[in-house]
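Peer 1: Here it is: the structure, laid out below.
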There are 2 protein chains.
Amino acid sequence: MSAHPAVENAPRYEDSAFMRACRGLPNARTPVWLMRQAGRYMREYRAVREKVSFIELCRTPDLAAEVAVTALDAIGADAAILFSDILLILQPMGMDLEYLEGGPVLHNPVRVALDVERLREAEPRENLAFVFEAVRKTRERMNPALPLIGFCGAPFTLASYMIEGGGSRNFENTKRFMYADSGAWHALMEKLVRGLTVYLNEQIRAGAQAVQIFDSWVGCLSPGDFREFVLPHSRALIAGIEAGAPVIHFGTGTAPYLETFAGAGGDVVGVDFRVELADARERLGDMAVQGNLDPCVLFAQAERIFERAEDILRQGAVRPGHIFNLGHGILPGTPVDNVKRLIAFVQEWEAEAE
Amino acid sequence: MSAHPAVENAPRYEDSAFMRACRGLPNARTPVWLMRQAGRYMREYRAVREKVSFIELCRTPDLAAEVAVTALDAIGADAAILFSDILLILQPMGMDLEYLEGGPVLHNPVRVALDVERLREAEPRENLAFVFEAVRKTRERMNPALPLIGFCGAPFTLASYMIEGGGSRNFENTKRFMYADSGAWHALMEKLVRGLTVYLNEQIRAGAQAVQIFDSWVGCLSPGDFREFVLPHSRALIAGIEAGAPVIHFGTGTAPYLETFAGAGGDVVGVDFRVELADARERLGDMAVQGNLDPCVLFAQAERIFERAEDILRQGAVRPGHIFNLGHGILPGTPVDNVKRLIAFVQEWEAEAE
């Protein structure tokens, strides 16, 4: 009866709850995974990081695969996500990237048109082979019944790091750049999109079953700025993903213009916790939705975690195509037991509701 | 024909464009003022600050009046705002407040229920007399045809500073506190509301024609958390303002639940730049609206500033009751000439459209 009938000997992940939700197909229960599920809140991850730096970990496929698979198994999520970082693609473009205690720093920020011209093409096949190798190793070692998610940063979020030279509160330099020289801005975004398109397609070819595009800081923009400076580029990136895998387009603070954000394309819109999931579902129609528990709720007592999770599950279940997730990445210090409880609760809730 | 007919010898500010807009009355042109219009972007302000610290400036009514009036006259806005800071009310409550280069710090953050019990009542009449004196002096010295806006921080934003001990990215401690001990949370909010209610009423009695409540960080909450932990308290504060002045309720990131936010009451809803003003006007019906140019646009060329301002003016003009403002405070480094150009443009635009 399904539009995507399972082939007899197709890999088992093809019919997993996660893949079905990405395609908007009915599911017996809501699939769940958590952004940064392999991160600093896990003891096993911290143990690896005592031996290698963050960047070494990302650049060592064996270790990247190990932390991704360890986390998947430990918490029992319905999908693994590649262990990597959105900023790595900026290094071959010529950005001097360093991860410091307070966050990532780019020592040579892009500030004028000439800086954009000087940036090299990312050429991911040559320069980011370790990422595709990490995809292959993770895929080999993980539960064959579950899908692996590849990812990249969205062009806006990457451009904002390049221009600010790191994180930012007001994204003042980024906006000044956009307003002052929109030609250079669009050239920068186009250069990013060229690299990111190859990057995602190659992750898919290496074994990722789905990809997520993280537009983590896009919520700093007015709806008008989003339409003018970002939307065409996010749309071009998504349109260029031809390797055949669902695309999750995640952004924070997108509630004011969710329909426009979704207009960039893709299969699933990832929303943060600042919007009611019921509202997102209504506004996005048949498009699948991912989200959206506030990561801070994971610091609360189990009772409140379950209450909030149930609220989201109910809102998500109005139609097929809901992937349960947080509204942003897990915070350091989150109790692992609460993460496990949440995942078990989500997986059991739907089973009970059948 | 008006519901608020001008009395023959009423003060001239009563019939100003700003006061009329607060009351939703038709105006010949859109009034404009800018959050932080007396701030660090102004040379005159920086000159005063070379002589006194920020906190001394706030506590010295003569100087506070001087910077507020100087800014009003320099940029030609349609209203002055009291020069003060939302955190000052926390000192008499027992918080150890210090303004450092990186922002305000509260050295004794509120972390457990006992901390809330130990907090004193603010008793603004006794402890914040210098603020009311600043209101009186500003009112005396400023253009009698223009209104003066008093203000306070909203209970949520103040509570978040008290709990985080300063600014925050994820407001993790605040949320943990809310979830872990909602009784202590509500007690903290109630204590704040008691002080803030007196504080605003006394500002009005001292000569403020309108008051603004700044909920600068409320956008970090999910709509459900806003309803449960914030809305009843903001509503109690606004309901307690009986001294007879319009109330502007400003919040950032409120687009996902603007109707709920507006349900707290008041006369004007202040919105940030993350929502289309047309959308806000439609969703808020007859309620007056204030906003919402992205403060970063003031770094752009005049042409783009005017284009964006005109867009907002058009969206605001669909019905009476629009006050032009930024979507957040002016950023340090903003060119003063751009601020003046913007204000003149807004004031002339409506004149041309007549």
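Chain labels follow the order of the structure tokens: the first chain is A, the next B, and so on; residue numbering restarts at 1 in every chain, and ligands are counted from 1 in their shown order.
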Write out as an MDAnalysis selection string all residues of stretch 52-184 of chain A that backbone DSSP assigns to strand (DSSP E).

Peer 2: chainID A and resid 80:81 97:100 103:106 148:153

Peer 1: So that I can check the surroundings of A:Gly240, please list as number ranges by chain every protein, DNA and RNA residue that reaches within 12 Å of it, counting only C-alpha atoms and ignoring chain neighbours fewer than 2 positions away.

Peer 2: A: 193-202, 233-238, 242-245, 247, 264-266

Peer 1: Give me, as a VMD selection string, all polymer residues having an atom no more than 10 Å from stretch 167-177 of chain A, counting only C-alpha atoms and skipping those fewer than 3 positions away in the same chain.

Peer 2: (chain A and resid 102 to 106 110 to 113 156 to 157 159 to 164 180 to 185 217 to 218 220 to 221 225 229) or (chain B and resid 169 294 to 301 331)

Peer 1: Skip B:Gly39 itself and residues of its chain fewer than 3 positions away, then list as an mmCIF file with all heavy atoms, in the first residue's frame all residues within 9 Å of it, counting only C-alpha atoms.

Peer 2:
data_model
loop_
_atom_site.group_PDB
_atom_site.id
_atom_site.type_symbol
_atom_site.label_atom_id
_atom_site.label_comp_id
_atom_site.auth_asym_id
_atom_site.auth_seq_id
_atom_site.Cartn_x
_atom_site.Cartn_y
_atom_site.Cartn_z
ATOM 1 N N MET B 35 14.849 52.672 21.245
ATOM 2 C CA MET B 35 15.344 52.094 22.494
ATOM 3 C C MET B 35 16.852 52.343 22.607
ATOM 4 O O MET B 35 17.573 52.186 21.640
ATOM 5 C CB MET B 35 15.002 50.602 22.533
ATOM 6 C CG MET B 35 13.491 50.387 22.720
ATOM 7 S SD MET B 35 13.041 48.647 22.902
ATOM 8 C CE MET B 35 12.936 48.171 21.176
ATOM 9 N N ARG B 36 17.293 52.718 23.785
ATOM 10 C CA ARG B 36 18.684 53.137 24.083
ATOM 11 C C ARG B 36 19.100 54.376 23.297
ATOM 12 O O ARG B 36 20.275 54.535 22.958
ATOM 13 C CB ARG B 36 19.689 52.016 23.780
ATOM 14 C CG ARG B 36 19.607 50.830 24.713
ATOM 15 C CD ARG B 36 20.884 49.987 24.594
ATOM 16 N NE ARG B 36 20.706 48.679 25.193
ATOM 17 C CZ ARG B 36 20.867 48.423 26.492
ATOM 18 N NH1 ARG B 36 21.229 49.379 27.316
ATOM 19 N NH2 ARG B 36 20.671 47.201 26.959
ATOM 20 N N MET B 42 26.334 57.760 21.377
ATOM 21 C CA MET B 42 26.400 59.227 21.342
ATOM 22 C C MET B 42 27.657 59.776 22.006
ATOM 23 O O MET B 42 27.962 59.436 23.141
ATOM 24 C CB MET B 42 25.172 59.831 22.033
ATOM 25 C CG MET B 42 23.928 59.749 21.179
ATOM 26 S SD MET B 42 22.649 60.898 21.764
ATOM 27 C CE MET B 42 23.442 62.459 21.396
ATOM 28 N N TYR B 45 27.151 61.332 25.403
ATOM 29 C CA TYR B 45 26.993 60.328 26.460
ATOM 30 C C TYR B 45 28.359 59.799 26.897
ATOM 31 O O TYR B 45 28.662 59.693 28.084
ATOM 32 C CB TYR B 45 26.110 59.177 25.965
ATOM 33 C CG TYR B 45 26.068 58.024 26.924
ATOM 34 C CD1 TYR B 45 25.223 58.053 28.026
ATOM 35 C CD2 TYR B 45 26.905 56.926 26.764
ATOM 36 C CE1 TYR B 45 25.197 57.011 28.942
ATOM 37 C CE2 TYR B 45 26.888 55.880 27.677
ATOM 38 C CZ TYR B 45 26.037 55.925 28.752
ATOM 39 O OH TYR B 45 26.028 54.898 29.658
ATOM 40 N N ARG B 46 29.206 59.498 25.905
ATOM 41 C CA ARG B 46 30.524 58.953 26.241
ATOM 42 C C ARG B 46 31.348 59.974 27.037
ATOM 43 O O ARG B 46 32.110 59.607 27.935
ATOM 44 C CB ARG B 46 31.264 58.522 24.965
ATOM 45 C CG ARG B 46 30.607 57.315 24.275
ATOM 46 C CD ARG B 46 31.503 56.701 23.208
ATOM 47 N NE ARG B 46 31.921 57.646 22.184
ATOM 48 C CZ ARG B 46 31.246 57.915 21.054
ATOM 49 N NH1 ARG B 46 30.106 57.287 20.796
ATOM 50 N NH2 ARG B 46 31.710 58.791 20.182
ATOM 51 N N VAL B 67 21.606 63.432 30.157
ATOM 52 C CA VAL B 67 21.847 62.555 28.995
ATOM 53 C C VAL B 67 20.538 62.236 28.256
ATOM 54 O O VAL B 67 20.513 62.155 27.030
ATOM 55 C CB VAL B 67 22.628 61.265 29.337
ATOM 56 C CG1 VAL B 67 24.023 61.587 29.868
ATOM 57 C CG2 VAL B 67 21.890 60.378 30.290
ATOM 58 N N ALA B 68 19.447 62.096 29.000
ATOM 59 C CA ALA B 68 18.161 61.801 28.344
ATOM 60 C C ALA B 68 17.717 62.977 27.472
ATOM 61 O O ALA B 68 17.280 62.787 26.330
ATOM 62 C CB ALA B 68 17.092 61.481 29.384
ATOM 63 N N ALA B 71 20.031 63.643 24.360
ATOM 64 C CA ALA B 71 19.765 62.691 23.274
ATOM 65 C C ALA B 71 18.472 63.057 22.557
ATOM 66 O O ALA B 71 18.408 63.068 21.320
ATOM 67 C CB ALA B 71 19.684 61.274 23.829
ATOM 68 N N PHE B 83 16.635 57.923 31.639
ATOM 69 C CA PHE B 83 17.921 57.234 31.619
ATOM 70 C C PHE B 83 18.080 56.484 32.926
ATOM 71 O O PHE B 83 18.160 57.075 34.008
ATOM 72 C CB PHE B 83 19.102 58.187 31.410
ATOM 73 C CG PHE B 83 20.348 57.406 31.164
ATOM 74 C CD1 PHE B 83 20.691 57.027 29.875
ATOM 75 C CD2 PHE B 83 21.128 56.957 32.218
ATOM 76 C CE1 PHE B 83 21.798 56.229 29.647
ATOM 77 C CE2 PHE B 83 22.235 56.155 31.997
ATOM 78 C CZ PHE B 83 22.571 55.796 30.706
ATOM 79 N N GLY B 329 17.564 47.520 21.270
ATOM 80 C CA GLY B 329 18.275 48.772 21.512
ATOM 81 C C GLY B 329 19.309 49.103 20.444
ATOM 82 O O GLY B 329 19.868 48.215 19.806
ATOM 83 N N ILE B 330 19.575 50.417 20.297
ATOM 84 C CA ILE B 330 20.649 50.867 19.397
ATOM 85 C C ILE B 330 21.959 50.232 19.821
ATOM 86 O O ILE B 330 22.264 50.172 21.013
ATOM 87 C CB ILE B 330 20.839 52.404 19.483
ATOM 88 C CG1 ILE B 330 19.589 53.132 19.002
ATOM 89 C CG2 ILE B 330 22.054 52.847 18.686
ATOM 90 C CD1 ILE B 330 19.789 54.641 18.913
ATOM 91 N N LEU B 331 22.757 49.783 18.861
ATOM 92 C CA LEU B 331 24.042 49.158 19.174
ATOM 93 C C LEU B 331 25.139 50.218 19.303
ATOM 94 O O LEU B 331 25.119 51.225 18.587
ATOM 95 C CB LEU B 331 24.408 48.161 18.070
ATOM 96 C CG LEU B 331 23.467 46.957 17.972
ATOM 97 C CD1 LEU B 331 23.665 46.220 16.659
ATOM 98 C CD2 LEU B 331 23.677 46.011 19.145
ATOM 99 N N PRO B 332 26.087 49.983 20.207
ATOM 100 C CA PRO B 332 27.236 50.891 20.277
ATOM 101 C C PRO B 332 27.903 50.949 18.900
ATOM 102 O O PRO B 332 27.948 49.933 18.195
ATOM 103 C CB PRO B 332 28.162 50.216 21.294
ATOM 104 C CG PRO B 332 27.293 49.290 22.084
ATOM 105 C CD PRO B 332 26.203 48.856 21.152
#

Peer 1: Could you pull the residues within 12 Å of A:Arg29, counting only C-alpha atoms, minus those fewer than 2 positions along the same chain, as a PyMOL selection string?

Peer 2: chain A and resi 16-18+20-21+25-27+31-32+78+313-314+316-317+319-324+343-354

Peer 1: Nearest to chain B among A:Leu342, A:Val275, A:Val289, A:Cys152, with distances taken over only C-alpha atoms: which residue is it?

Peer 2: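 Closest residue, counting only C-alpha atoms: A:Val275.
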
Peer 1: May I have the residues within 10 Å of A:Gly251 as number ranges by chain, using only C-alpha atoms and disregarding those fewer than 6 positions away in the same chain?

Peer 2: A: 154, 157, 213-219, 258, 261-262, 269-272, 327-328

Peer 1: Kindly export the residues of the current selection with N, CA, C and O atoms, as a JSON list (two decimals), in the first residue's frame.

Peer 2:
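Wrote it out as selection-v4.json, contents follow:
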[["chain", "number", "residue", "atom", "x", "y", "z"],
["A", 154, "ALA", "N", 24.33, 25.25, 7.30],
["A", 154, "ALA", "CA", 23.69, 25.98, 6.21],
["A", 154, "ALA", "C", 24.57, 27.15, 5.78],
["A", 154, "ALA", "O", 25.38, 27.64, 6.57],
["A", 157, "THR", "N", 24.57, 30.21, 8.26],
["A", 157, "THR", "CA", 25.26, 30.01, 9.55],
["A", 157, "THR", "C", 26.77, 29.96, 9.35],
["A", 157, "THR", "O", 27.53, 30.54, 10.13],
["A", 213, "ILE", "N", 20.69, 19.84, 7.36],
["A", 213, "ILE", "CA", 21.36, 21.13, 7.16],
["A", 213, "ILE", "C", 21.05, 21.99, 8.38],
["A", 213, "ILE", "O", 19.88, 22.26, 8.68],
["A", 214, "PHE", "N", 22.11, 22.40, 9.10],
["A", 214, "PHE", "CA", 21.93, 23.16, 10.35],
["A", 214, "PHE", "C", 22.02, 24.66, 10.08],
["A", 214, "PHE", "O", 23.10, 25.19, 9.87],
["A", 215, "ASP", "N", 20.87, 25.35, 10.15],
["A", 215, "ASP", "CA", 20.94, 26.81, 10.09],
["A", 215, "ASP", "C", 20.71, 27.35, 11.51],
["A", 215, "ASP", "O", 19.69, 27.96, 11.83],
["A", 216, "SER", "N", 21.74, 27.14, 12.32],
["A", 216, "SER", "CA", 21.61, 27.36, 13.77],
["A", 216, "SER", "C", 21.39, 28.81, 14.14],
["A", 216, "SER", "O", 20.77, 29.10, 15.15],
["A", 217, "TRP", "N", 21.90, 29.76, 13.35],
["A", 217, "TRP", "CA", 21.81, 31.17, 13.75],
["A", 217, "TRP", "C", 20.88, 31.99, 12.86],
["A", 217, "TRP", "O", 20.81, 33.20, 12.98],
["A", 218, "VAL", "N", 20.14, 31.34, 11.98],
["A", 218, "VAL", "CA", 19.31, 32.09, 11.02],
["A", 218, "VAL", "C", 18.22, 32.91, 11.71],
["A", 218, "VAL", "O", 17.73, 33.89, 11.15],
["A", 219, "GLY", "N", 17.91, 32.52, 12.94],
["A", 219, "GLY", "CA", 16.87, 33.24, 13.69],
["A", 219, "GLY", "C", 17.24, 34.66, 14.06],
["A", 219, "GLY", "O", 16.40, 35.40, 14.57],
["A", 258, "LEU", "N", 7.99, 30.52, 9.15],
["A", 258, "LEU", "CA", 8.20, 29.08, 8.96],
["A", 258, "LEU", "C", 7.84, 28.61, 7.56],
["A", 258, "LEU", "O", 8.54, 27.78, 6.97],
["A", 261, "PHE", "N", 10.66, 29.61, 5.31],
["A", 261, "PHE", "CA", 11.81, 28.75, 5.59],
["A", 261, "PHE", "C", 11.62, 27.39, 4.91],
["A", 261, "PHE", "O", 12.52, 26.87, 4.25],
["A", 262, "ALA", "N", 10.41, 26.84, 5.04],
["A", 262, "ALA", "CA", 10.12, 25.54, 4.44],
["A", 262, "ALA", "C", 10.15, 25.61, 2.92],
["A", 262, "ALA", "O", 10.40, 24.61, 2.24],
["A", 269, "VAL", "N", 11.24, 19.69, 8.06],
["A", 269, "VAL", "CA", 11.67, 20.96, 8.65],
["A", 269, "VAL", "C", 11.94, 20.72, 10.13],
["A", 269, "VAL", "O", 11.07, 20.23, 10.85],
["A", 270, "GLY", "N", 13.16, 21.04, 10.56],
["A", 270, "GLY", "CA", 13.49, 20.94, 11.98],
["A", 270, "GLY", "C", 13.21, 22.26, 12.65],
["A", 270, "GLY", "O", 13.67, 23.31, 12.19],
["A", 271, "VAL", "N", 12.43, 22.23, 13.74],
["A", 271, "VAL", "CA", 12.06, 23.48, 14.42],
["A", 271, "VAL", "C", 12.62, 23.49, 15.84],
["A", 271, "VAL", "O", 12.84, 22.44, 16.44],
["A", 272, "ASP", "N", 12.86, 24.68, 16.35],
["A", 272, "ASP", "CA", 13.33, 24.77, 17.73],
["A", 272, "ASP", "C", 12.14, 24.81, 18.68],
["A", 272, "ASP", "O", 10.99, 24.68, 18.26],
["A", 327, "GLY", "N", 14.83, 20.84, 20.54],
["A", 327, "GLY", "CA", 14.74, 22.04, 19.73],
["A", 327, "GLY", "C", 16.11, 22.64, 19.43],
["A", 327, "GLY", "O", 16.23, 23.57, 18.63],
["A", 328, "HIS", "N", 17.16, 22.11, 20.04],
["A", 328, "HIS", "CA", 18.54, 22.50, 19.79],
["A", 328, "HIS", "C", 19.40, 21.38, 20.39],
["A", 328, "HIS", "O", 18.87, 20.42, 20.93]]
